[in-house]
Amino acid sequence: MKRSTVIAAGLAAAIVAIILTALQLTSPRAADAEPTAGPSTGGGTTAGRLVRADSHRLDEAADGKVTLVEFLDFECESCRAAYPLVEQLRKDYAGKVTFVIRYFPIQSHFNATNAALAVEAAAQQGKLEQMYQRMYDTQAEWGEKQTSEAARFRADALILGLDMNAYDAAIKDPQTLARVEKDRQDGLALGVQGTPTFFLNGKQLLPESAEDFRTQIDAALANAR
């Protein structure tokens with residue numbers, strides 16, 4: 001899988017620390033990065049670009065005071081490594097923190113967009129979380145391949161019990177790709193250069209460890225009281 005040096009050292013170090021602490025991996029890789037490019041110049045405020053009305057929420061806090069946003073790529077190994085930690089945080093902060101995911105397929109990852117399209121098509125049938133989880137659970141089987149895995153993702157949709165006519169229509173619909181691309185463009189406008197990138201209450205999160213991740217969430221919750 002291609003790597004780039006454009007990702008900020010602080011973010012790369014943070015992701016490595018999270019992976020080491022949470023998953024005890026012996027050889028973590030730096031976060032996946034986009035080629036160097038200027039930010040998008042589309043309209044919208046920073047807050048408006050970070051979480052839109054149609055942004056996907058895995059969990060939603062009743063008070064809406066603390067929000068963690070992740071820009072992710074389903075083919076990104078670092079995203080897969082951070083996934084168990086994110087899932088644990090969702091359990092630990094259920095009802096207290098809103099967890100939002102935004103698509104950010106890295107252009108050098110052959111199937112990143114195909115995966116995002118499959119997740120978006122599943123989301124249209126109320127199966128966002130199931131397909132989101134399946135992508136990470138099976139990533140080792142399809143990641144890094146240089147041929148289309150769209151047929152595999154369609155098989156996953158079938159396993160999840162989706163209406164396949166609706167799924168196929170969504171995959172072919174240009175609006176589905178536009179939905180994915182809107183997330184990516186928002187990320188670029190916000191300065192996202194690689195995945196995973198986290199924002200906590202509008203500020204990019206650069207934790208030094210998994211415990212620091214929790215400490216910053218706890219601080220945000222305390223400040224929101």
# chains A, B, ... in the order shown; residues from 1 in each chain; ligands from 1
>>> select_by_dssp(residues="chain A", states="alpha helix (DSSP H)", output="PyMOL selection string")
chain A and resi 9-23+46-50+77-92+112-123+128-137+139-142+150-159+164-172+174-189+210-223
>>> residues_around(residues="His56 of chain A", least_positions_apart="4", cutoff="9 Å", atoms="only C-alpha atoms", output="ChimeraX atom specification")
/A:51-52,99-102,123,128
>>> atom_distance(atom1="atom CA of Val66 of chain A", atom2="atom CA of Asp92 of chain A")
13.9 Å
>>> select_by_dssp(residues="segment 35-156 of chain A", states="strand (DSSP E)", output="list in words")
His56, Arg57, Leu58, Asp59, Thr67, Leu68, Val69, Glu70, Phe71, Leu72, Thr98, Phe99, Val100, Ile101, Arg102 and Tyr103 of chain A
>>> residues_around(residues="Arg214 of chain A", least_positions_apart="4", cutoff="10 Å", atoms="only C-alpha atoms", output="ChimeraX atom specification")
/A:89,92-93,207,209-210,218-220
>>> closest_residue(among="A:Asp163, A:Asp168, A:Glu211, A:Glu77", to="Gly194 of chain A", atoms="only C-alpha atoms")
A:Glu77
>>> residues_around(residues="Asp59 of chain A", least_positions_apart="2", cutoff="8 Å", atoms="only C-alpha atoms", output="mmCIF file with C-alpha atoms, in the first residue's frame")
data_model
loop_
_atom_site.group_PDB
_atom_site.id
_atom_site.type_symbol
_atom_site.label_atom_id
_atom_site.label_comp_id
_atom_site.auth_asym_id
_atom_site.auth_seq_id
_atom_site.Cartn_x
_atom_site.Cartn_y
_atom_site.Cartn_z
ATOM 1 C CA ARG A 57 -23.771 9.156 13.084
ATOM 2 C CA ALA A 61 -25.698 11.852 22.496
ATOM 3 C CA ARG A 90 -18.408 4.030 21.597
ATOM 4 C CA ALA A 94 -22.550 5.607 24.912
ATOM 5 C CA GLY A 95 -25.160 8.328 25.332
ATOM 6 C CA VAL A 97 -20.613 11.414 22.885
ATOM 7 C CA THR A 98 -21.874 11.646 19.317
ATOM 8 C CA PHE A 99 -19.692 9.565 16.975
ATOM 9 C CA VAL A 100 -19.679 10.709 13.334
#
>>> residues_around(residues="Ala166 of chain A", least_positions_apart="4", cutoff="9 Å", atoms="only C-alpha atoms", output="count of residues only")
6
>>> residues_around(residues="Lys172 of chain A", least_positions_apart="4", cutoff="12 Å", atoms="only C-alpha atoms", output="PDB file with N, CA and C atoms, in the first residue's frame")
ATOM      1  N   ASN A 114     -14.787   2.098  -3.911  1.00  0.00           N
ATOM      2  CA  ASN A 114     -15.753   1.006  -4.024  1.00  0.00           C
ATOM      3  C   ASN A 114     -16.317   0.638  -2.656  1.00  0.00           C
ATOM      4  N   LEU A 117     -18.679   3.390  -1.436  1.00  0.00           N
ATOM      5  CA  LEU A 117     -19.952   3.300  -2.157  1.00  0.00           C
ATOM      6  C   LEU A 117     -20.827   2.188  -1.580  1.00  0.00           C
ATOM      7  N   ALA A 118     -20.208   1.052  -1.261  1.00  0.00           N
ATOM      8  CA  ALA A 118     -20.960  -0.070  -0.693  1.00  0.00           C
ATOM      9  C   ALA A 118     -21.538   0.294   0.670  1.00  0.00           C
ATOM     10  N   GLU A 120     -22.197   3.341   1.724  1.00  0.00           N
ATOM     11  CA  GLU A 120     -23.239   4.346   1.512  1.00  0.00           C
ATOM     12  C   GLU A 120     -24.520   3.703   0.989  1.00  0.00           C
ATOM     13  N   ALA A 121     -24.390   2.743   0.073  1.00  0.00           N
ATOM     14  CA  ALA A 121     -25.568   2.047  -0.436  1.00  0.00           C
ATOM     15  C   ALA A 121     -26.271   1.289   0.687  1.00  0.00           C
ATOM     16  N   ALA A 150     -15.696  -4.814  -6.078  1.00  0.00           N
ATOM     17  CA  ALA A 150     -17.110  -4.436  -6.028  1.00  0.00           C
ATOM     18  C   ALA A 150     -18.023  -5.653  -5.919  1.00  0.00           C
ATOM     19  N   ASN A 165     -31.809  -5.114  -5.525  1.00  0.00           N
ATOM     20  CA  ASN A 165     -32.171  -4.199  -6.604  1.00  0.00           C
ATOM     21  C   ASN A 165     -31.893  -2.757  -6.185  1.00  0.00           C
ATOM     22  N   ALA A 166     -32.264  -2.444  -4.951  1.00  0.00           N
ATOM     23  CA  ALA A 166     -32.015  -1.100  -4.436  1.00  0.00           C
ATOM     24  C   ALA A 166     -30.522  -0.851  -4.267  1.00  0.00           C
ATOM     25  N   TYR A 167     -29.802  -1.875  -3.819  1.00  0.00           N
ATOM     26  CA  TYR A 167     -28.347  -1.749  -3.654  1.00  0.00           C
ATOM     27  C   TYR A 167     -27.682  -1.470  -4.993  1.00  0.00           C
ATOM     28  N   ASP A 168     -28.016  -2.269  -6.008  1.00  0.00           N
ATOM     29  CA  ASP A 168     -27.410  -2.085  -7.331  1.00  0.00           C
ATOM     30  C   ASP A 168     -27.728  -0.707  -7.905  1.00  0.00           C
ATOM     31  N   THR A 176     -24.730   8.758  -5.330  1.00  0.00           N
ATOM     32  CA  THR A 176     -24.052   8.016  -4.272  1.00  0.00           C
ATOM     33  C   THR A 176     -22.571   8.360  -4.252  1.00  0.00           C
ATOM     34  N   LEU A 177     -21.964   8.381  -5.427  1.00  0.00           N
ATOM     35  CA  LEU A 177     -20.565   8.796  -5.519  1.00  0.00           C
ATOM     36  C   LEU A 177     -20.417  10.251  -5.084  1.00  0.00           C
ATOM     37  N   ALA A 178     -21.366  11.090  -5.458  1.00  0.00           N
ATOM     38  CA  ALA A 178     -21.313  12.500  -5.071  1.00  0.00           C
ATOM     39  C   ALA A 178     -21.371  12.649  -3.556  1.00  0.00           C
TER      40      ALA A 178
END
>>> closest_residue(among="A:Gly143, A:Gly126, A:Gly187, A:Gly161", to="Arg80 of chain A", atoms="only C-alpha atoms")
A:Gly143
>>> closest_atom_pairs(of="segment 95-141 of chain A", to="segment 83-88 of chain A", cutoff="10 Å", atoms="only C-alpha atoms", output="CSV")
residue,atom,partner,partner_atom,distance
A:Phe99,CA,A:Val86,CA,9.1
A:Gln133,CA,A:Tyr83,CA,8.9
A:Tyr136,CA,A:Tyr83,CA,7.6
A:Asp137,CA,A:Tyr83,CA,9.6
>>> write_last_selection(atoms="N, CA and C atoms", output="compact mmCIF listing (two decimals), in the first residue's frame")
# COMPACT_ATOMS: atom_id res chain seq x y z
N PHE A 99 -20.77 10.07 17.83
CA PHE A 99 -19.69 9.57 16.98
C PHE A 99 -20.13 9.69 15.51
N GLN A 133 -18.82 -2.19 9.80
CA GLN A 133 -18.09 -3.19 10.57
C GLN A 133 -17.55 -4.30 9.68
N TYR A 136 -14.18 -3.52 7.88
CA TYR A 136 -12.97 -3.67 8.69
C TYR A 136 -12.72 -5.13 9.06
N ASP A 137 -13.78 -5.87 9.32
CA ASP A 137 -13.61 -7.28 9.70
C ASP A 137 -12.99 -8.10 8.57
>>> atom_distance(atom1="atom CA of Phe198 of chain A", atom2="atom CA of Ala122 of chain A")
23.4 Å
